[in-house]
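Chemist: Provided herewith is a single structure, encoded as structure tokens, for subsequent inquiry.
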Amino acid sequence: MDIRPSWTPATLATTLACLLPTGAKAAGLYVPDLGVMPQGRGGAYVAKADSSLGLHYNPAGLFQVDGFQVEGGIMAHKMDTWFLRAGGEGKWKTGAAYANGLLDPDDKVLAEPFGATENQDSFRPIPEFSLMYGFKNPDLTIALGFYAPDAPWLAYPDDSPGRYRMVKARLDQATWSLGASWRPVPWLAVGAALQLVAFRISEEFDISAHLFPGDDGNDEDPQFDLRVRFDALQFPAPNGNFGLMFVPSDRVQVGVSFQTGIHMKAPGTVTIEGDLSSELLGYFGQFTGDTSPIHVQGYDPEILLETDLPPILRAGLLVRPHPRLEIEVDGVVEFWSVHDGIVASQIDTSLEGGDEGQPLPDYVSGRGLCGFIQETDGTNDCSEIPAVYEGTDGAGNFEIREEFQDAVSVRLGVEANPVDPLVLRAGYLFETSAIPDEWLGLAAIDSLKHAVGVGAALRLPGFEIGGTWYHVFYGERTIAPEVSHGTQSTAFPSTPPNGIDAGTYRASVDNIGLYLRVNPGAIAASRKARKGGSDPL
């Protein structure tokens, strides 16, 4: 039998590649849209787009801005996730080595069944800010904006049943956008925006270094866990957003926009570290005279990730049955089918033992262990474990297939001005999932989504201040082990891998935000009007 340990450099790098972060996809896989005020309308904003968020939804709508305006907002974002892993014959087996007949098989002990795990992280801030200036002749507006997607921070317990997929994730993503809108004729406006997207991501997860798993592959003793930390920085990647706005009358507006996809290229580093301390290591240590715990560490400073994010097509119809009431219906298609995987390159991962980079002991690296097994059964032919893994092609490259699907959403938004200066908003959204069952996991949770948003604002001469509450309901999904692609690496090729992503998922999102729009010119004009037209000294 092949008894190579599960955490050889080759397996570590393979496991790493299979668990590469998906947080950069947050625009389509966590919360459908962004912006404090638009979320109060359920994300129905393509045909309205009269603020800086038009840079995201439809830059053609910026023509509605007059003079100099400043906008800013802050959103408190929280994502609650719940995962109940399938297959719960036990979290782990505390004597799995004995199941292989090396020691006393009666010593094998079953632990309690898998329990549910929930995100333990708190609210995180999502900022937005912009500067705009609208000229009267020509009817041209220029805008510079900064905003971020509603991507969550995630943290699960260290001993969570999902720890082999996700323990902690931090994603900080920002978009800088420069755009303009021009209305050459009263019934038509055109717009375009250049967007630069950057992110910094950190993810942590565990891999099992179990030397002797049982025949059912359900051996997850935390004494054999090693922690992997991945950090990556995406330098600003460009994409474009192009829009049209048709205004046949004061009562009707029609908006259409197309946002190009993004090719992401993020350099990153990988750290692997942990202490292996168990009766099993002590047992094999007796042949070398060293039964102390082993500190394992590895570092790769130059991994490079490449993947594609989707183009987005948006369209909306806004009608005003009354001057104080508007209703908008939007449709959005996110073409996630262009995303077929992640390519990791520049892989050069190695492992060392101890704090000062000593080689791993023979009985841990596999060489001495293989010799021991040969002496006991005389059938094993175990070659030396490589010290460095350089990808599936030997040149540092590894490709991970992910076959996503397009996501489609419909939004309905209502905005009313029942009495001055009060503005009320409400909206609803429905969106399909971009992730098929076989690719769903704690690293990227998605499902059929229903969202509701409500908001209120005070619109006074020269400024507007308002707030929004937005809630996303994620439909429950149960993924069978035979469907899920997610597996945990194990020591033996013949051992059935664990379905670490199989199980039941639930999630919800709460956003609470405030925003402020200021037009200094309108404020000055209002003061002048109140003073009877005289300029104050």
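Labels for the structure tokens follow display order: chains A, B, ..., residues from 1 in each chain, ligands from 1.
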Would you mind listing what lies within 6 Å of segment 221-236 of chain A as a PyMOL selection string, with only C-alpha atoms counted and same-chain residues fewer than 3 positions away left out?

Modeler: chain A and resi 92+196-210+266-274+276

Chemist: Write out, as a tab-separated table (two decimals), in the first residue's frame, the residues just selected, with N, CA and C atoms.

Modeler:
chain	number	residue	atom	x	y	z
A	92	TRP	N	-14.27	13.44	14.03
A	92	TRP	CA	-12.99	12.81	13.76
A	92	TRP	C	-12.92	11.51	14.57
A	196	LEU	N	-11.30	51.19	-12.12
A	196	LEU	CA	-10.10	50.47	-11.70
A	196	LEU	C	-10.43	49.71	-10.42
A	197	VAL	N	-10.30	48.40	-10.47
A	197	VAL	CA	-10.70	47.54	-9.35
A	197	VAL	C	-9.45	46.94	-8.70
A	198	ALA	N	-9.36	47.08	-7.39
A	198	ALA	CA	-8.24	46.51	-6.64
A	198	ALA	C	-8.77	45.81	-5.40
A	199	PHE	N	-8.06	44.78	-4.94
A	199	PHE	CA	-8.47	44.14	-3.69
A	199	PHE	C	-7.25	43.57	-2.98
A	200	ARG	N	-7.40	43.41	-1.69
A	200	ARG	CA	-6.46	42.68	-0.85
A	200	ARG	C	-7.25	41.61	-0.12
A	201	ILE	N	-6.79	40.37	-0.23
A	201	ILE	CA	-7.54	39.27	0.37
A	201	ILE	C	-6.62	38.39	1.21
A	202	SER	N	-7.17	37.92	2.31
A	202	SER	CA	-6.47	36.97	3.17
A	202	SER	C	-7.45	35.86	3.53
A	203	GLU	N	-7.03	34.61	3.35
A	203	GLU	CA	-7.87	33.47	3.71
A	203	GLU	C	-7.05	32.46	4.50
A	204	GLU	N	-7.73	31.83	5.46
A	204	GLU	CA	-7.11	30.77	6.24
A	204	GLU	C	-8.00	29.54	6.23
A	205	PHE	N	-7.38	28.37	6.13
A	205	PHE	CA	-8.09	27.10	6.19
A	205	PHE	C	-7.12	26.04	6.68
A	206	ASP	N	-7.63	24.86	7.01
A	206	ASP	CA	-6.80	23.77	7.51
A	206	ASP	C	-6.66	22.69	6.45
A	207	ILE	N	-5.56	21.95	6.54
A	207	ILE	CA	-5.40	20.71	5.78
A	207	ILE	C	-5.02	19.62	6.78
A	208	SER	N	-5.41	18.40	6.48
A	208	SER	CA	-5.15	17.30	7.39
A	208	SER	C	-3.81	16.65	7.05
A	209	ALA	N	-2.99	16.47	8.08
A	209	ALA	CA	-1.71	15.78	7.93
A	209	ALA	C	-1.78	14.38	8.53
A	210	HIS	N	-2.97	13.78	8.48
A	210	HIS	CA	-3.16	12.47	9.08
A	210	HIS	C	-2.39	11.42	8.29
A	266	ALA	N	-3.46	38.47	-9.60
A	266	ALA	CA	-3.10	38.85	-8.23
A	266	ALA	C	-1.90	38.06	-7.74
A	267	PRO	N	-0.77	38.72	-7.49
A	267	PRO	CA	0.35	38.04	-6.85
A	267	PRO	C	0.04	37.75	-5.39
A	268	GLY	N	0.53	36.63	-4.88
A	268	GLY	CA	0.21	36.27	-3.51
A	268	GLY	C	1.31	35.47	-2.85
A	269	THR	N	1.12	35.23	-1.56
A	269	THR	CA	2.03	34.41	-0.78
A	269	THR	C	1.23	33.36	-0.03
A	270	VAL	N	1.91	32.28	0.34
A	270	VAL	CA	1.29	31.20	1.08
A	270	VAL	C	2.16	30.83	2.27
A	271	THR	N	1.53	30.70	3.43
A	271	THR	CA	2.21	30.25	4.64
A	271	THR	C	1.52	28.99	5.16
A	272	ILE	N	2.28	27.97	5.49
A	272	ILE	CA	1.77	26.72	6.04
A	272	ILE	C	2.47	26.48	7.37
A	273	GLU	N	1.71	26.28	8.43
A	273	GLU	CA	2.35	26.17	9.74
A	273	GLU	C	1.46	25.38	10.69
A	274	GLY	N	2.08	24.65	11.60
A	274	GLY	CA	1.34	23.94	12.62
A	274	GLY	C	2.23	22.98	13.39
A	276	LEU	N	2.48	19.13	14.85
A	276	LEU	CA	1.98	17.77	14.79
A	276	LEU	C	2.39	17.07	16.08

Chemist: Do you know which residues are at most 8 Å from Gln253 of chain A counting only C-alpha atoms, after dropping those on the same chain fewer than 6 positions away, and could you put them as an mmCIF file with N, CA and C atoms, in the first residue's frame?

Modeler:
data_model
loop_
_atom_site.group_PDB
_atom_site.id
_atom_site.type_symbol
_atom_site.label_atom_id
_atom_site.label_comp_id
_atom_site.auth_asym_id
_atom_site.auth_seq_id
_atom_site.Cartn_x
_atom_site.Cartn_y
_atom_site.Cartn_z
ATOM 1 N N ALA A 47 -32.397 53.059 -14.593
ATOM 2 C CA ALA A 47 -33.105 54.116 -15.312
ATOM 3 C C ALA A 47 -33.170 55.420 -14.524
ATOM 4 N N LYS A 48 -32.810 55.399 -13.251
ATOM 5 C CA LYS A 48 -32.755 56.600 -12.420
ATOM 6 C C LYS A 48 -31.345 57.199 -12.478
ATOM 7 N N MET A 245 -29.312 56.550 -21.967
ATOM 8 C CA MET A 245 -30.524 56.954 -21.262
ATOM 9 C C MET A 245 -31.463 57.622 -22.268
ATOM 10 N N PHE A 246 -32.661 57.051 -22.424
ATOM 11 C CA PHE A 246 -33.692 57.622 -23.284
ATOM 12 C C PHE A 246 -34.719 58.328 -22.405
ATOM 13 N N VAL A 247 -35.044 59.576 -22.760
ATOM 14 C CA VAL A 247 -35.995 60.371 -21.975
ATOM 15 C C VAL A 247 -37.065 60.908 -22.931
ATOM 16 N N LEU A 317 -36.626 50.471 -16.726
ATOM 17 C CA LEU A 317 -37.710 51.359 -17.155
ATOM 18 C C LEU A 317 -38.250 52.078 -15.931
ATOM 19 N N LEU A 318 -38.267 53.411 -15.999
ATOM 20 C CA LEU A 318 -38.797 54.237 -14.909
ATOM 21 C C LEU A 318 -40.002 55.024 -15.431
ATOM 22 N N VAL A 319 -41.085 54.998 -14.666
ATOM 23 C CA VAL A 319 -42.282 55.773 -15.016
ATOM 24 C C VAL A 319 -42.679 56.630 -13.818
#

Chemist: So that I can see what lies close to segment 157-164 of chain A, please list as number ranges by chain the residues with an atom at most 8 Å from it, counting only C-alpha atoms and leaving out residues fewer than 3 positions away in the same chain.

Modeler: A: 83, 85, 91, 114-117, 120, 167, 205-208, 222, 442, 488, 500-501

Chemist: Would you mind exporting C-alpha atoms of the selected residues as a PDB file, in the first residue's frame?

Modeler:
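See part.pdb below for the written result:
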ATOM      1  CA  PHE A  83     -23.563  25.328   7.522  1.00  0.00           C
ATOM      2  CA  ARG A  85     -22.036  19.382   7.093  1.00  0.00           C
ATOM      3  CA  LYS A  91     -16.072  14.977  13.662  1.00  0.00           C
ATOM      4  CA  PHE A 114     -20.802  17.078  13.027  1.00  0.00           C
ATOM      5  CA  GLY A 115     -22.360  20.211  14.429  1.00  0.00           C
ATOM      6  CA  ALA A 116     -23.511  23.352  12.677  1.00  0.00           C
ATOM      7  CA  THR A 117     -21.083  26.210  12.150  1.00  0.00           C
ATOM      8  CA  GLN A 120     -18.727  34.761  14.007  1.00  0.00           C
ATOM      9  CA  VAL A 167     -11.607  29.316   8.851  1.00  0.00           C
ATOM     10  CA  PHE A 205      -8.095  27.101   6.195  1.00  0.00           C
ATOM     11  CA  ASP A 206      -6.797  23.771   7.511  1.00  0.00           C
ATOM     12  CA  ILE A 207      -5.397  20.713   5.781  1.00  0.00           C
ATOM     13  CA  SER A 208      -5.147  17.295   7.391  1.00  0.00           C
ATOM     14  CA  PRO A 222      -7.311  18.282  14.886  1.00  0.00           C
ATOM     15  CA  LEU A 442     -18.093  28.082   2.557  1.00  0.00           C
ATOM     16  CA  GLN A 488     -10.279  16.866   1.765  1.00  0.00           C
ATOM     17  CA  ILE A 500     -16.057  18.836   2.959  1.00  0.00           C
ATOM     18  CA  ASP A 501     -18.532  21.042   1.042  1.00  0.00           C
TER      19      ASP A 501
END

Chemist: Show which residues sit within 12 Å of Glu71 of chain A, as a short mmCIF file (atom, residue, chain, number, x, y, z; two decimals) with N, CA and C atoms, in the first residue's frame. Count only C-alpha atoms, and ignore same-chain residues fewer than 4 positions away.

Modeler:
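This is the output file out_9.cif:
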data_model
loop_
_atom_site.label_atom_id
_atom_site.label_comp_id
_atom_site.auth_asym_id
_atom_site.auth_seq_id
_atom_site.Cartn_x
_atom_site.Cartn_y
_atom_site.Cartn_z
N GLY A 35 -24.32 50.49 -2.85
CA GLY A 35 -24.78 51.86 -2.72
C GLY A 35 -25.90 52.00 -1.72
N VAL A 36 -25.75 52.96 -0.79
CA VAL A 36 -26.75 53.13 0.27
C VAL A 36 -28.11 53.48 -0.31
N MET A 37 -28.19 54.54 -1.11
CA MET A 37 -29.48 54.97 -1.63
C MET A 37 -30.09 53.98 -2.63
N ASP A 50 -29.23 59.06 -11.03
CA ASP A 50 -29.02 60.51 -10.98
C ASP A 50 -28.03 60.94 -9.92
N SER A 51 -27.23 60.00 -9.40
CA SER A 51 -26.20 60.33 -8.41
C SER A 51 -24.90 59.68 -8.85
N SER A 52 -23.88 59.78 -8.00
CA SER A 52 -22.58 59.21 -8.35
C SER A 52 -22.64 57.70 -8.55
N LEU A 53 -23.63 57.01 -7.95
CA LEU A 53 -23.74 55.57 -8.15
C LEU A 53 -24.13 55.23 -9.58
N VAL A 65 -27.15 65.65 -13.02
CA VAL A 65 -26.44 66.40 -11.99
C VAL A 65 -26.20 67.82 -12.48
N PRO A 127 -17.58 51.94 2.53
CA PRO A 127 -17.66 53.38 2.24
C PRO A 127 -18.01 53.66 0.78
N GLU A 128 -18.47 54.89 0.52
CA GLU A 128 -18.64 55.39 -0.84
C GLU A 128 -18.42 56.90 -0.81
N PHE A 129 -17.83 57.44 -1.88
CA PHE A 129 -17.54 58.88 -1.92
C PHE A 129 -17.38 59.30 -3.37
N SER A 130 -17.81 60.54 -3.69
CA SER A 130 -17.68 61.01 -5.07
C SER A 130 -17.69 62.53 -5.14
N LEU A 131 -17.14 63.02 -6.25
CA LEU A 131 -17.18 64.43 -6.63
C LEU A 131 -17.74 64.51 -8.04
N MET A 132 -18.66 65.47 -8.30
CA MET A 132 -19.29 65.59 -9.61
C MET A 132 -19.46 67.06 -9.97
N TYR A 133 -19.45 67.31 -11.28
CA TYR A 133 -19.76 68.67 -11.75
C TYR A 133 -20.57 68.57 -13.04
N ALA A 143 -17.74 62.94 -13.38
CA ALA A 143 -17.82 62.41 -12.01
C ALA A 143 -16.60 61.55 -11.71
N LEU A 144 -16.14 61.65 -10.47
CA LEU A 144 -15.07 60.82 -9.94
C LEU A 144 -15.58 60.16 -8.68
N GLY A 145 -15.57 58.82 -8.62
CA GLY A 145 -16.16 58.12 -7.50
C GLY A 145 -15.29 57.02 -6.95
N PHE A 146 -15.55 56.69 -5.70
CA PHE A 146 -14.90 55.59 -5.00
C PHE A 146 -15.98 54.79 -4.30
N TYR A 147 -16.01 53.47 -4.51
CA TYR A 147 -17.00 52.64 -3.84
C TYR A 147 -16.47 51.21 -3.76
N GLY A 462 -30.15 72.26 -1.58
CA GLY A 462 -28.71 72.13 -1.58
C GLY A 462 -28.15 70.88 -0.94
N PHE A 463 -28.97 70.10 -0.24
CA PHE A 463 -28.44 68.85 0.29
C PHE A 463 -29.56 67.86 0.57
N GLU A 464 -29.15 66.60 0.66
CA GLU A 464 -30.07 65.51 0.95
C GLU A 464 -29.36 64.55 1.90
N ILE A 465 -30.05 64.15 2.95
CA ILE A 465 -29.50 63.19 3.90
C ILE A 465 -30.51 62.08 4.08
N GLY A 466 -30.03 60.84 4.05
CA GLY A 466 -30.97 59.72 4.13
C GLY A 466 -30.33 58.46 4.65
N LEU A 514 -26.10 55.14 5.78
CA LEU A 514 -26.43 56.55 5.76
C LEU A 514 -25.68 57.21 4.61
N TYR A 515 -26.30 58.23 3.99
CA TYR A 515 -25.62 58.96 2.92
C TYR A 515 -25.95 60.44 3.01
N LEU A 516 -25.11 61.24 2.35
CA LEU A 516 -25.29 62.69 2.33
C LEU A 516 -24.89 63.20 0.95
N ARG A 517 -25.75 64.03 0.34
CA ARG A 517 -25.46 64.70 -0.92
C ARG A 517 -25.48 66.20 -0.67
N VAL A 518 -24.45 66.90 -1.13
CA VAL A 518 -24.34 68.33 -0.90
C VAL A 518 -24.07 69.04 -2.23
N ASN A 519 -24.83 70.11 -2.48
CA ASN A 519 -24.64 70.97 -3.65
C ASN A 519 -24.38 72.38 -3.15
N PRO A 520 -23.11 72.79 -3.00
CA PRO A 520 -22.81 74.11 -2.43
C PRO A 520 -23.44 75.26 -3.22
#

Chemist: Please return, as a VMD selection string, all residues of segment 98-266 of chain A that DSSP assigns to helix (DSSP H, G or I) on the basis of the backbone.

Modeler: chain A and resid 98 to 100 105 to 107 222 to 224

Chemist: Between A:Val454, A:Leu140, A:Ala529, A:Leu448, which one has atoms that come closest to Val414 of chain A, using only C-alpha atoms?

Modeler: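 Among the listed residues, the smallest separation from Val414 of chain A belongs to A:Val454.
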
Chemist: Within 10 Å of Asp139 of chain A, counting only C-alpha atoms, which residues show up once you throw out same-chain ones fewer than 5 positions away? Write them as a list in words, please.

Modeler: Phe63, Gln64, Val65, Asp66, Gly134, Ser181, Trp182, Arg183, Pro184, Val185, Pro186 and Ala189 of chain A

Chemist: Write out as a CSV table (one decimal) with C-alpha atoms, in the first residue's frame each polymer residue whose atoms come within 9 Å of Glu438 of chain A, counting only C-alpha atoms; drop sequence neighbours fewer than 4 positions from it.

Modeler:
chain,number,residue,atom,x,y,z
A,479,ILE,CA,-25.6,19.5,-1.4
A,480,ALA,CA,-25.2,15.7,-1.5
A,482,GLU,CA,-21.9,12.5,-4.4
A,483,VAL,CA,-22.6,15.9,-6.1
A,484,SER,CA,-20.1,18.1,-4.4
A,485,HIS,CA,-16.6,18.5,-5.9
A,486,GLY,CA,-15.1,19.7,-2.6
A,501,ASP,CA,-18.5,21.0,1.0
A,502,ALA,CA,-21.5,18.7,1.2

Chemist: At a cut-off of 12 Å, using only C-alpha atoms, what residues contact His263 of chain A? Leave out same-chain residues fewer than 5 positions from it and give the result as an MDAnalysis selection string.

Modeler: chainID A and resid 24:25 196:198 234:239 305:311 338:339 341:343

Chemist: Taking only C-alpha atoms into account, which of A:Gln195, A:Thr81, A:Thr504, A:Ser257 comes nearest Glu476 of chain A?

Modeler: A:Thr504

Chemist: I need the residue nearest Leu429 of chain A from this list: A:Arg41, A:His56, A:Arg124, A:Arg401. Use only C-alpha atoms for the distance.

Modeler: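 Closest to Leu429 of chain A of all the choices is A:Arg41.
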